Structure formats: C-alpha cells, structure tokens
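Participant: This is the structure I want to talk about, given as structure tokens.
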Amino acid sequence: MEGRARKVSPDQRVLGILNTSPFRIAIVYSIAFACGAAALLGAVNFAVSRVVDGSTDNLIEAEVQGLREQMKVLSRSDFIELVEQRSQDQDVRGAVYLMVDPQLRPVAGNVPVWPGIDANAGKWIQFDIQVPFGDETREHEVRAQRFPLPGGYRMLVGHDVQERQDVKNLMMRGLMAAVVLTLMIGLGGGLWMGRRILAQAGAISAVATQIMRGDLSQRLPVRGADDEIDRLAREINTMLDKIEQLTLGMRTVLDSAAHDLRTPLNRLQATAEGAMGMLAPGSAGRRVLERVTNEVDHMRSTLDALLRIALAETGTVAREPVDLSDLVESVVELYAPVSEERGITLESAVSPGAQVQGSRQLLAQALANLLDNAIKFTPDGGHIRVQLNQSGGAPEVIVEDTGPGIPADKRELVLGRRVRLDEARKFPGSGLGLSLVAAVTKLHGARLVLDDAAPAPGLRVSLKF
Amino acid sequence: MHILIVEDDEVARDTLAKALREVGHTVDVAADGLAGLSMASSAALDLAIVDRMLPKLDGLALVQSLRATGKKLPVLILSALGDVDDRITGLRAGGDDYLTKPYHMSELLARIDALARRREAAEASTRLKFADLELDRMTRRVTRNGKRIELTAREFQLLEFMMRHSGQVVTRTMLLEGVWDYHFDPQTNVIDVHISRLRQAIDKDFDKPLLHTVRGAGYSLREDE
C-alpha cells in the first residue's frame with residue numbers, strides 16, 4: 001500500500017538487476033559465446049599442433065633415415081665429423097644431435113648430456129635441455145629418436161620443440177583471455193541492459209500500481225524511442241483507454257440502474273407512508289402498509305449492498321489513507337455491547353498504526369459485516385476474537401468465532417453473490433455480507449481466506465493486505 | 001420553516017411537500033434545476049431539499065452555483081445514485097446533508113430539524129446543558145443534578161450528539177454518521193444497545209427519564225413524557 005514508503009537498498013537494487021530477463025539472457029549468451037570461443041580456439045590449437053607436430057616428426061624421421069644410411073657407408077670418424085657438421089649447421093634451426101660412446105660419453109653433437117631415458121620409452125622420447133638465453137639458460141623441450149650405432153655407440157636425433165610449446169601456451173592464454181573477456185562483456189552488458197529495463201519496468205509498474213489503486217486516468221510513459229517497449233506501452237495505453245471507458249460506462253450504467261430502482265422505491269415508500277398517515281395506528285390497513293415499507297427497507301438494503309459490491313468491483317472508488325488499527329477498534333467497539341448482550345465474549349488484539357490505502361467506508365462495512373456474521377452465528381455464551389497483526393508491514397485482520405463454521409467445500413461458494421447455506425437460512429440477512437467483504441478485499445488488493453477456527457468448531461476469516 | 005423542494009419526480013415531490021406542510025412548514029416547489037436555482041437565490045428560505053439528478057441543471061451544480069453567490073442556505077441533497085463516494089461529492093459541492101432514496105419520511109424530517117437548528121446551536125460552546133444534565137467537553141465531565149456520571153468515551157460522544165440535538169428526533173443513521181462516521185446500515189441493532197447503555201448511565205438513578213425512544217424513528221432527548 002502507498003502508506004508504507006518502500007526503501008530500496010543498493011543491495012536490493014543490484015539483486016533487482018540480476019533478476020531481470022536481459023541480464024539473464026546476457027549471462028546465458030556470454031556463457032554460450034565463451035564456450036564457443038573455447039571450442040574454436042581448442043580446435044585451432046588441435047589442428048595447428050597436428051600440423052606442426054607432424055612436420056617436426058617427419059623432419060626427424062628423415063634425418064634419422066639419412067644418418068642410418070650414412071652410418072652404413074661412412075667410417076666412424078667420418079660419421080663423427082658428419083654429426084659435428086650437422087650440429088653446427090644453422091640452417092636447420094633447433095635440430096638436436098648427440099652421439100655417445102658405449103659409456104654414454106658424448107662424442108659429437110650439440111647437446112652436452114645423454115638424457116636419462118626410461119627403458120620402456122617407445123620410439124619417440126621427449127626431454128628437456130638447457131639452452132643459453134642471453135646470460136641465463138632456459139629449459140627447452142626436445143623431441144627425439146635414438147638409434148644404435150656399430151660398436152655400442154648410440155645416436156640421438158631430435159628437434160627443439162620449445163617454440164611449438166610456446167605457441168601452444170600463448171594460444172591457451174589467448175583462449176583463457178577470450179573466455180574471460182566474453183564473460184565480462186556479457187556481464188557488463190547484462191547489467192547495463194538490466195538497469196535500463198528495470199528503469200522502464202519500474203516506471204510501468206509504478207503506473208500499474210496507481211491504476212490498480214483506482215486512478216484509471218494514469219498512462220504508461222512513452223519515451224519516444226519507438227522500440228518494442230514503447231510500442232508495448234502504447235498498446236497498453238490504448239487498452240487502458242478502453243478499460244477506462246468501460247469502467248466509466250459501467251459506473252454510468254450502475255448510476256442509472258440505481259436511479260431507476262431507487263426512484264420507484266422512493267415513490268412506493270412515500271405513497272405507503274402518506275397512506276399510513278391517514279389510517280389509525282394498529283388498524284389492519286396500516287399493518288399491511290407497514291409490511292410494505294419493511295419490504296422497501298429490505299429491498300433498499302439489498303440494493304445498497306449490491307451497488308457497493310458492484311462499485312468495489314469496478315474499482316472506481318476514491319482511495320485515501322485509512323488507519324486500519326483505528327477502524328478495527330472502532331468497529332469492535334460498535335459491536336461490543338451487542339455481543340455482550342448475547343453473552344458473547346468479544347475480544348480484540350489490535351496492533352497500532354496499521355495504515356492502508358483505500359475506502360474507509362467500504363472497509364468499515366466489510367469489517368462490520370464480518371462482525372455481524374460472527375455475532376449472528378455464534379451461539380450465546382460463545383467467543384469472538386478480532387486481531388490485527390502486522391507482520392512485515394502487511395496488516396492482517398483476523399476474525400474468529402465459535403459458531404458452526406463453514407464446511408471447507410462451501411467456502412468458495414459463500415463468497416459468491418447471494419449464496420446462503422441452508423444452515424444460514426434461519427438467520428436474517430441478505431446473503432450479500434461475505435460477497436461484499438470479498439469485493440472490498442479485492443478492491444484493496446488484499447487476500448480473503450476462510451478457515452476453521454482453532455479450536456474447532458468456528459470460522460476464521462483472514463484479510464491479508 | 002420556509003422550505004424549497006427541487007425535485008423532478010412528481011410523486012416524490014408532491015408527497016414530500018404534503019408531508020412537510022402537514023408538520024407546519026411553508027413549502028415551495030421547483031421541478032428542474034434552473035427554476036430551483038432562481039427560487040433558492042431570491043426567496044427568503046430556511047432550507048432547500050435538492051434532488052441530485054435534475055433536468056436543465058444538475059443538483060450538484062445548483063448547490064455549487066448557490067454557494068458561489070455566497071448564499072448560506074442549508075441544503076439537503078437527495079440522491080437516487082450509487083453510494084460511497086456520491087455522499088462525499090455531494091457534501092463537497094456544498095450540501096449540508098445527504099440522504100439516499102428511498103428514505104423514511106421520519107428520517108428526512110429529523111434531518112431537516114437538525115439542519116434548521118444547526119445554525120442556532122453554538123457549536124463552539126464547551127458546556128452543554130439540558131434539564132439537569134450537564135456536559136463539559138473540556139474536562140469531559142458529565143453531571144446530572146450535580147451528581148457525577150461516569151461514561152465511556154463513546155457514551156460521552158453519543159450523549160454530546162444527543163444534547164446538541166436535544167428536543168429533536170435523532171435517527172439511528174444520524175447517530176452512526178455523526179458519532180461513528182459510518183455511512184451504512186448494520187444488520188444488527190447495534191445502535192439500540194449503545195443507546196440503552198447510555199440510558200442506563202444517565203437515567204437509571206433518576207426519577208425523570210430524559211432519553212426517549214421515538215417509535216419508528218429514533219431517539220430524542222427531552223423532558224416531557
């Protein structure tokens with residue numbers, strides 16, 4: 001209700017943005033894009049590796065093949081010289097050669113130490129070597145094949161694959177960066193769009209709340225951006241024009257129906273009263289006319305109730321701040337003597353300061369109807385309890401009695417118009433009491449719940465605002 | 001009293017005029033808003049009863065025009081319209097009281113009486129006196145024949161209302177409106193029970209009852225039987 005100013009903390013505002021659909025869409029999309037980027041880069045990485053690795057391996061294979069053939073035709077010293085020569089050759093960057101004697105002492109090559117090789121290693125081995133890098137040394141990874149030479153000598157031919165590794169690492173880093181960046185852009189964009197939509201939705205829901213409070217002249221803001229939200233706002237405004245017309249039309253119909261029914265009733269009443277004045281008190285004719293005026297009274301109260309229900313349902317009732325606590329107390333006070341006369345204990349616990357926005361008269365009548373009902377149906381010596389609770393700022397009025405209650409399957413029914421349960425027919429009333437309560441509750445955006453009183457039997461009516 | 005009735009419904013107008021003449025008022029009638037306005041502006045009237053829906057000039061517009069010319073004539077608006085807000089609209093337009101059709105003649109007569117005497121009543125006075133009953137609004141003290149009477153806040157308000165309208169008939173609806181500010185008729189006889197409590201308090205220990213029930217109309221604070 002309007003009486004309670006809603007304060008929005010920054011935390012709540014952020015939470016609000018997180019709960020907008022653009023933000024959620026942005027997050028889903030950025031996750032999808034990040035996955036896509038990851039998959040793409042992964043695939044490129046895989047393909048590049050395949051090609052680069054393959055070509056390195058081919059190079060090594062060819063070199064091994066060549067050296068094996070040379071080994072057959074060359075003497076050891078010539079072979080050593082060949083290996084030395086190849087080792088120094090700068091044309092093939094990163095080529096690694098090492099020839100060792102049976103004691104694994106290097107004989108020729110550009111690697112100082114024969115690597116410790118796992119006996120189970122296959123044809124291809126991979127190991128690290130120290131490479132001078134400026135003043136320092138760097139570990140480079142080498143991929144290589146080895147083969148025996150005559151006389152227990154061994155030969156190792158390989159290739160420095162560090163560069164390839166560096167490229168792979170770089171690509172991995174790029175991949176990570178791309179994923180993170182996509183997510184961040186998505187998040188940022190989502191927050192921005194969320195805020196935008198929240199501002200627009202906020203304006204719309206503010207207007208909607210005012211309209212629900214009965215101010216049908218309110219219209220949604222159109223910013224002139226001609227986007228889908230503007231179009232939506234314009235369409236809703238057209239709809240609101242129509243609703244306003246219909247409601248005003250209904251109001252006019254109600255007014256003329258009221259007029260057309262009240263005028264003849266008034267004539268009837270006036271005529272009957274005029275005639276009564278000419279008859280002696282207690283005469284038969286006068287008694288008949290008294291019955292007529294009683295019926296007029298009855299019709300009038302039914303008509304009043306129906307009109308009030310209809311008015312409440314059209315929502316065209318003026319709203320004002322109503323002190324619900326005061327109202328509940330005053331209605332309880334109005335009914336206290338009547339219930340005391342019947343020996344009914346009327347007890348009330350009213351939390352002070354509860355405010356709602358609405359029609360004081362309609363709320364008062366709804367509360368009065370509830371108490372009327374409670375007193376009507378509670379047996380002499382029974383108990384009625386009226387409470388006004390405020391949990392979380394939302395007032396709730398509860399009326400409990402020790403009457404017969406309403407069977408669970410008939411609760412929905414009695415809120416409809418003119419339903420009187422058979423059990424209730426022996427009591428006076430129009431059968432509109434609870435319908436009016438239901439209409440007034442709806443008008444005030446409250447919830448009406450009928451339940452068993454605890455302890456049973458009895459009816460528990462709750463109006464939660 | 002000199003009363004003007006502005007009402008387009010002939011049956012209602014004639015019965016009302018007849019009933020008012022019977023209780024001793026002088027009555028003028030007008031059948032539409034314009035005629036009503038010109039009569040209300042010129043004649044020396046004590047009260048006007050104006051129907052809300054009138055041909056030529058709407059009842060509310062009539063009252064507004066009347067008020068715009070500075071005329072303080074008490075106006076009772078009769079309405080055959082809806083409910084709830086209409087009453088407020090009627091009073092805002094400058095009406096002094098508002099009654100929905102169909103009404104009991106006794107209700108209308110009681111309200112006419114109340115309106116006519118409203119001008120005489122010294123609204124600002126803090127002490128009200130009727131017979132040997134005295135009520136002080138400042139100290140919230142009530143005495144009868146010098147003897148202090150204890151009343152609840154609501155009983156006090158009820159008594160104050162009755163004393164302001166002493167000698168007149170006060171209807172249940174008038175009490176609901178004047179004391180509780182409720183504009184609906186409760187199904188049960190709530191007002192009767194409140195009055196009987198008040199009667200217990202002010203009349204029980206005294207020979208002469210002051211608070212009387214007027215059959216078919218309401219209540220009245222008066223000395224004679």
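Quick note on naming: the chains in the structure tokens go A, B, ... in the order shown, residues restart at 1 in each chain, and ligands are numbered from 1 in order of appearance.
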Which residues, written as a JSON list (two decimals) with C-alpha atoms, in the first residue's frame, have at least one atom at most 8 Å from segment 61-69 of chain B, with only C-alpha atoms counted and residues fewer than 6 positions away on the same chain left out?
Facilitator:
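part34.json written:
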[["chain", "number", "residue", "atom", "x", "y", "z"],
["B", 33, "GLY", "CA", -32.54, 22.75, -11.60],
["B", 34, "LEU", "CA", -32.74, 26.20, -13.19],
["B", 36, "GLY", "CA", -34.76, 25.70, -8.37],
["B", 37, "LEU", "CA", -31.66, 27.86, -8.51],
["B", 40, "ALA", "CA", -33.27, 29.46, -4.00],
["B", 41, "SER", "CA", -31.36, 32.64, -4.84],
["B", 75, "VAL", "CA", -29.17, 22.35, 1.64],
["B", 93, "ALA", "CA", -20.23, 20.54, -3.55],
["B", 94, "GLY", "CA", -21.66, 22.48, -0.63],
["B", 95, "GLY", "CA", -24.53, 20.31, 0.59]]
Participant: Please provide the set of residues having any atom within 12 Å of Tyr29 of chain A, restricted to only C-alpha atoms, with same-chain residues fewer than 3 positions apart removed, written as a list of chain:residue names.
Facilitator: A:Ser21, A:Pro22, A:Phe23, A:Arg24, A:Ile25, A:Ala26, A:Ala32, A:Phe33, A:Ala34, A:Cys35, A:Gly36, A:Ala37, A:Thr182, A:Leu183, A:Met184, A:Ile185, A:Gly186, A:Leu187, A:Gly189, A:Gly190
Participant: Could those selected residues go to a file with N, CA, C and O atoms, as a short mmCIF file (atom, residue, chain, number, x, y, z; two decimals), in the first residue's frame?
Facilitator:
data_model
loop_
_atom_site.label_atom_id
_atom_site.label_comp_id
_atom_site.auth_asym_id
_atom_site.auth_seq_id
_atom_site.Cartn_x
_atom_site.Cartn_y
_atom_site.Cartn_z
N SER A 21 15.27 -10.09 -17.05
CA SER A 21 15.47 -11.04 -18.13
C SER A 21 16.66 -10.67 -19.02
O SER A 21 17.40 -11.57 -19.42
N PRO A 22 16.90 -9.37 -19.34
CA PRO A 22 18.07 -9.08 -20.18
C PRO A 22 19.37 -9.55 -19.53
O PRO A 22 20.25 -10.07 -20.19
N PHE A 23 19.45 -9.38 -18.22
CA PHE A 23 20.67 -9.81 -17.55
C PHE A 23 20.83 -11.32 -17.67
O PHE A 23 21.90 -11.81 -18.00
N ARG A 24 19.74 -12.03 -17.45
CA ARG A 24 19.83 -13.49 -17.55
C ARG A 24 20.18 -13.91 -18.96
O ARG A 24 21.03 -14.77 -19.18
N ILE A 25 19.54 -13.25 -19.95
CA ILE A 25 19.83 -13.60 -21.34
C ILE A 25 21.29 -13.31 -21.64
O ILE A 25 21.99 -14.13 -22.24
N ALA A 26 21.77 -12.13 -21.17
CA ALA A 26 23.16 -11.76 -21.42
C ALA A 26 24.10 -12.80 -20.82
O ALA A 26 25.10 -13.19 -21.45
N ALA A 32 27.50 -19.00 -23.47
CA ALA A 32 27.50 -19.73 -24.74
C ALA A 32 28.64 -19.26 -25.64
O ALA A 32 29.36 -20.07 -26.23
N PHE A 33 28.81 -17.92 -25.71
CA PHE A 33 29.89 -17.38 -26.55
C PHE A 33 31.24 -17.81 -26.03
O PHE A 33 32.15 -18.14 -26.80
N ALA A 34 31.40 -17.80 -24.71
CA ALA A 34 32.67 -18.21 -24.11
C ALA A 34 32.96 -19.66 -24.46
O ALA A 34 34.08 -20.01 -24.85
N CYS A 35 31.93 -20.49 -24.36
CA CYS A 35 32.10 -21.90 -24.71
C CYS A 35 32.48 -22.01 -26.19
O CYS A 35 33.36 -22.79 -26.57
N GLY A 36 31.79 -21.23 -27.02
CA GLY A 36 32.09 -21.24 -28.45
C GLY A 36 33.52 -20.83 -28.71
O GLY A 36 34.25 -21.51 -29.47
N ALA A 37 33.94 -19.74 -28.07
CA ALA A 37 35.31 -19.27 -28.25
C ALA A 37 36.30 -20.34 -27.81
O ALA A 37 37.29 -20.62 -28.51
N THR A 182 34.87 -12.41 -22.85
CA THR A 182 33.49 -12.61 -23.31
C THR A 182 32.54 -12.57 -22.11
O THR A 182 31.50 -11.91 -22.14
N LEU A 183 32.93 -13.30 -21.04
CA LEU A 183 32.07 -13.34 -19.86
C LEU A 183 31.91 -11.95 -19.25
O LEU A 183 30.81 -11.55 -18.86
N MET A 184 33.04 -11.21 -19.23
CA MET A 184 32.98 -9.89 -18.61
C MET A 184 32.11 -8.93 -19.41
O MET A 184 31.30 -8.18 -18.86
N ILE A 185 32.31 -8.98 -20.74
CA ILE A 185 31.48 -8.11 -21.59
C ILE A 185 30.01 -8.49 -21.44
O ILE A 185 29.14 -7.63 -21.30
N GLY A 186 29.76 -9.78 -21.40
CA GLY A 186 28.38 -10.26 -21.24
C GLY A 186 27.78 -9.76 -19.94
O GLY A 186 26.66 -9.24 -19.90
N LEU A 187 28.56 -9.88 -18.87
CA LEU A 187 28.11 -9.47 -17.55
C LEU A 187 27.82 -7.97 -17.52
O LEU A 187 26.77 -7.51 -17.07
N GLY A 189 27.33 -5.93 -20.09
CA GLY A 189 26.20 -5.62 -20.96
C GLY A 189 24.90 -6.00 -20.30
O GLY A 189 23.91 -5.26 -20.35
N GLY A 190 24.92 -7.15 -19.65
CA GLY A 190 23.71 -7.62 -18.96
C GLY A 190 23.30 -6.66 -17.87
O GLY A 190 22.12 -6.32 -17.74
#
Participant: Give the residues of chain A that lie within 8 Å of chain B; count only C-alpha atoms, and format the answer as a PyMOL selection string.
Facilitator: chain A and resi 254-256+258-260+262-263+265-267+269-271+273-274+296+300-301+304+307-308+317-318+330+334-335+337-338+361-362+364-365+368-369+372+429
Participant: Write out as a PyMOL selection string each polymer residue whose atoms come within 10 Å of His25 of chain B, counting only C-alpha atoms; drop sequence neighbours fewer than 4 positions from it.
Facilitator: chain B and resi 1-3+17-21
Participant: Need the shell around Leu198 of chain A: protein/DNA/RNA residues with any atom at most 12 Å away, counting only C-alpha atoms. Skip same-chain ones fewer than 3 positions apart. Format as a list in words?
Facilitator: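 Those residues are Arg13, Val14, Leu15, Gly16, Ile17, Leu18, Asn19, Thr20, Ser21, Pro22, Phe23, Gly190, Leu191, Trp192, Met193, Gly194, Arg195, Ala201, Gly202, Ala203, Ile204, Ser205, Ala206 and Ile229 of chain A.
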Participant: Keeping N, CA, C and O atoms for every residue in the selection just given, could you write it to a file as a CSV table (one decimal), in the first residue's frame?
Facilitator:
chain,number,residue,atom,x,y,z
A,13,ARG,N,18.8,-3.2,-5.1
A,13,ARG,CA,18.8,-2.8,-6.5
A,13,ARG,C,19.6,-3.7,-7.3
A,13,ARG,O,19.2,-4.1,-8.4
A,14,VAL,N,20.8,-4.1,-6.8
A,14,VAL,CA,21.6,-5.0,-7.6
A,14,VAL,C,20.9,-6.3,-7.8
A,14,VAL,O,20.8,-6.8,-8.9
A,15,LEU,N,20.3,-6.8,-6.7
A,15,LEU,CA,19.5,-8.0,-6.8
A,15,LEU,C,18.4,-7.9,-7.9
A,15,LEU,O,18.2,-8.8,-8.7
A,16,GLY,N,17.8,-6.7,-7.9
A,16,GLY,CA,16.8,-6.4,-8.9
A,16,GLY,C,17.3,-6.6,-10.3
A,16,GLY,O,16.7,-7.2,-11.1
A,17,ILE,N,18.5,-6.0,-10.5
A,17,ILE,CA,19.1,-6.1,-11.9
A,17,ILE,C,19.4,-7.5,-12.2
A,17,ILE,O,19.1,-8.0,-13.3
A,18,LEU,N,19.9,-8.3,-11.2
A,18,LEU,CA,20.3,-9.6,-11.5
A,18,LEU,C,19.0,-10.5,-11.9
A,18,LEU,O,19.1,-11.5,-12.5
A,19,ASN,N,17.9,-10.0,-11.4
A,19,ASN,CA,16.7,-10.7,-11.7
A,19,ASN,C,15.9,-10.3,-13.0
A,19,ASN,O,14.8,-10.8,-13.2
A,20,THR,N,16.6,-9.4,-13.8
A,20,THR,CA,15.9,-9.0,-15.0
A,20,THR,C,16.2,-10.0,-16.1
A,20,THR,O,17.2,-10.7,-16.1
A,21,SER,N,15.3,-10.1,-17.0
A,21,SER,CA,15.5,-11.0,-18.1
A,21,SER,C,16.7,-10.7,-19.0
A,21,SER,O,17.4,-11.6,-19.4
A,22,PRO,N,16.9,-9.4,-19.3
A,22,PRO,CA,18.1,-9.1,-20.2
A,22,PRO,C,19.4,-9.6,-19.5
A,22,PRO,O,20.3,-10.1,-20.2
A,23,PHE,N,19.5,-9.4,-18.2
A,23,PHE,CA,20.7,-9.8,-17.5
A,23,PHE,C,20.8,-11.3,-17.7
A,23,PHE,O,21.9,-11.8,-18.0
A,190,GLY,N,24.9,-7.2,-19.6
A,190,GLY,CA,23.7,-7.6,-19.0
A,190,GLY,C,23.3,-6.7,-17.9
A,190,GLY,O,22.1,-6.3,-17.7
A,191,LEU,N,24.3,-6.2,-17.1
A,191,LEU,CA,24.0,-5.3,-16.0
A,191,LEU,C,23.4,-4.0,-16.6
A,191,LEU,O,22.4,-3.4,-16.1
A,192,TRP,N,24.0,-3.5,-17.7
A,192,TRP,CA,23.6,-2.2,-18.3
A,192,TRP,C,22.1,-2.4,-18.8
A,192,TRP,O,21.3,-1.6,-18.5
A,193,MET,N,21.9,-3.5,-19.5
A,193,MET,CA,20.6,-3.7,-20.1
A,193,MET,C,19.6,-3.9,-19.0
A,193,MET,O,18.4,-3.5,-19.0
A,194,GLY,N,20.0,-4.7,-17.9
A,194,GLY,CA,19.1,-4.9,-16.8
A,194,GLY,C,18.7,-3.6,-16.1
A,194,GLY,O,17.5,-3.5,-15.8
A,195,ARG,N,19.7,-2.7,-16.0
A,195,ARG,CA,19.3,-1.5,-15.3
A,195,ARG,C,18.3,-0.7,-16.2
A,195,ARG,O,17.4,-0.1,-15.7
A,201,ALA,N,10.7,-0.8,-16.6
A,201,ALA,CA,9.7,-1.6,-15.9
A,201,ALA,C,9.3,-1.0,-14.7
A,201,ALA,O,8.1,-1.0,-14.3
A,202,GLY,N,10.2,-0.3,-14.0
A,202,GLY,CA,9.9,0.4,-12.7
A,202,GLY,C,8.8,1.5,-13.0
A,202,GLY,O,7.8,1.6,-12.3
A,203,ALA,N,9.0,2.2,-14.1
A,203,ALA,CA,8.1,3.3,-14.4
A,203,ALA,C,6.7,2.6,-14.7
A,203,ALA,O,5.7,3.1,-14.3
A,204,ILE,N,6.8,1.5,-15.5
A,204,ILE,CA,5.5,0.8,-15.8
A,204,ILE,C,4.8,0.3,-14.6
A,204,ILE,O,3.6,0.5,-14.4
A,205,SER,N,5.6,-0.3,-13.7
A,205,SER,CA,4.9,-0.9,-12.6
A,205,SER,C,4.4,0.1,-11.6
A,205,SER,O,3.3,0.0,-10.9
A,206,ALA,N,5.1,1.3,-11.6
A,206,ALA,CA,4.6,2.4,-10.7
A,206,ALA,C,3.2,2.8,-11.2
A,206,ALA,O,2.3,3.0,-10.4
A,229,ILE,N,9.5,-1.6,-26.3
A,229,ILE,CA,8.9,-1.2,-25.0
A,229,ILE,C,7.9,-0.1,-25.2
A,229,ILE,O,6.9,-0.1,-24.6
Participant: Please return, as a VMD selection string, all residues of segment 31-99 of chain B that DSSP assigns to strand (DSSP E or B) on the basis of the backbone.
Facilitator: chain B and resid 47 to 51 75 to 79 97 to 99
Participant: Convert the current residue selection to file output with C-alpha atoms, as a PDB file, in the first residue's frame.
Facilitator:
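Okay, out.pdb is ready:
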ATOM      1  CA  LEU B  47     -33.826  25.271   3.858  1.00  0.00           C
ATOM      2  CA  ALA B  48     -33.639  23.659   0.421  1.00  0.00           C
ATOM      3  CA  ILE B  49     -34.126  19.989  -0.382  1.00  0.00           C
ATOM      4  CA  VAL B  50     -32.446  19.314  -3.716  1.00  0.00           C
ATOM      5  CA  ASP B  51     -32.593  16.144  -5.759  1.00  0.00           C
ATOM      6  CA  VAL B  75     -29.166  22.353   1.637  1.00  0.00           C
ATOM      7  CA  LEU B  76     -30.128  18.725   1.991  1.00  0.00           C
ATOM      8  CA  ILE B  77     -29.272  16.684  -1.070  1.00  0.00           C
ATOM      9  CA  LEU B  78     -31.451  13.744  -2.028  1.00  0.00           C
ATOM     10  CA  SER B  79     -29.862  11.167  -4.243  1.00  0.00           C
ATOM     11  CA  ASP B  97     -26.584  16.795   4.488  1.00  0.00           C
ATOM     12  CA  TYR B  98     -27.119  13.935   2.133  1.00  0.00           C
ATOM     13  CA  LEU B  99     -29.830  11.330   2.051  1.00  0.00           C
TER      14      LEU B  99
END
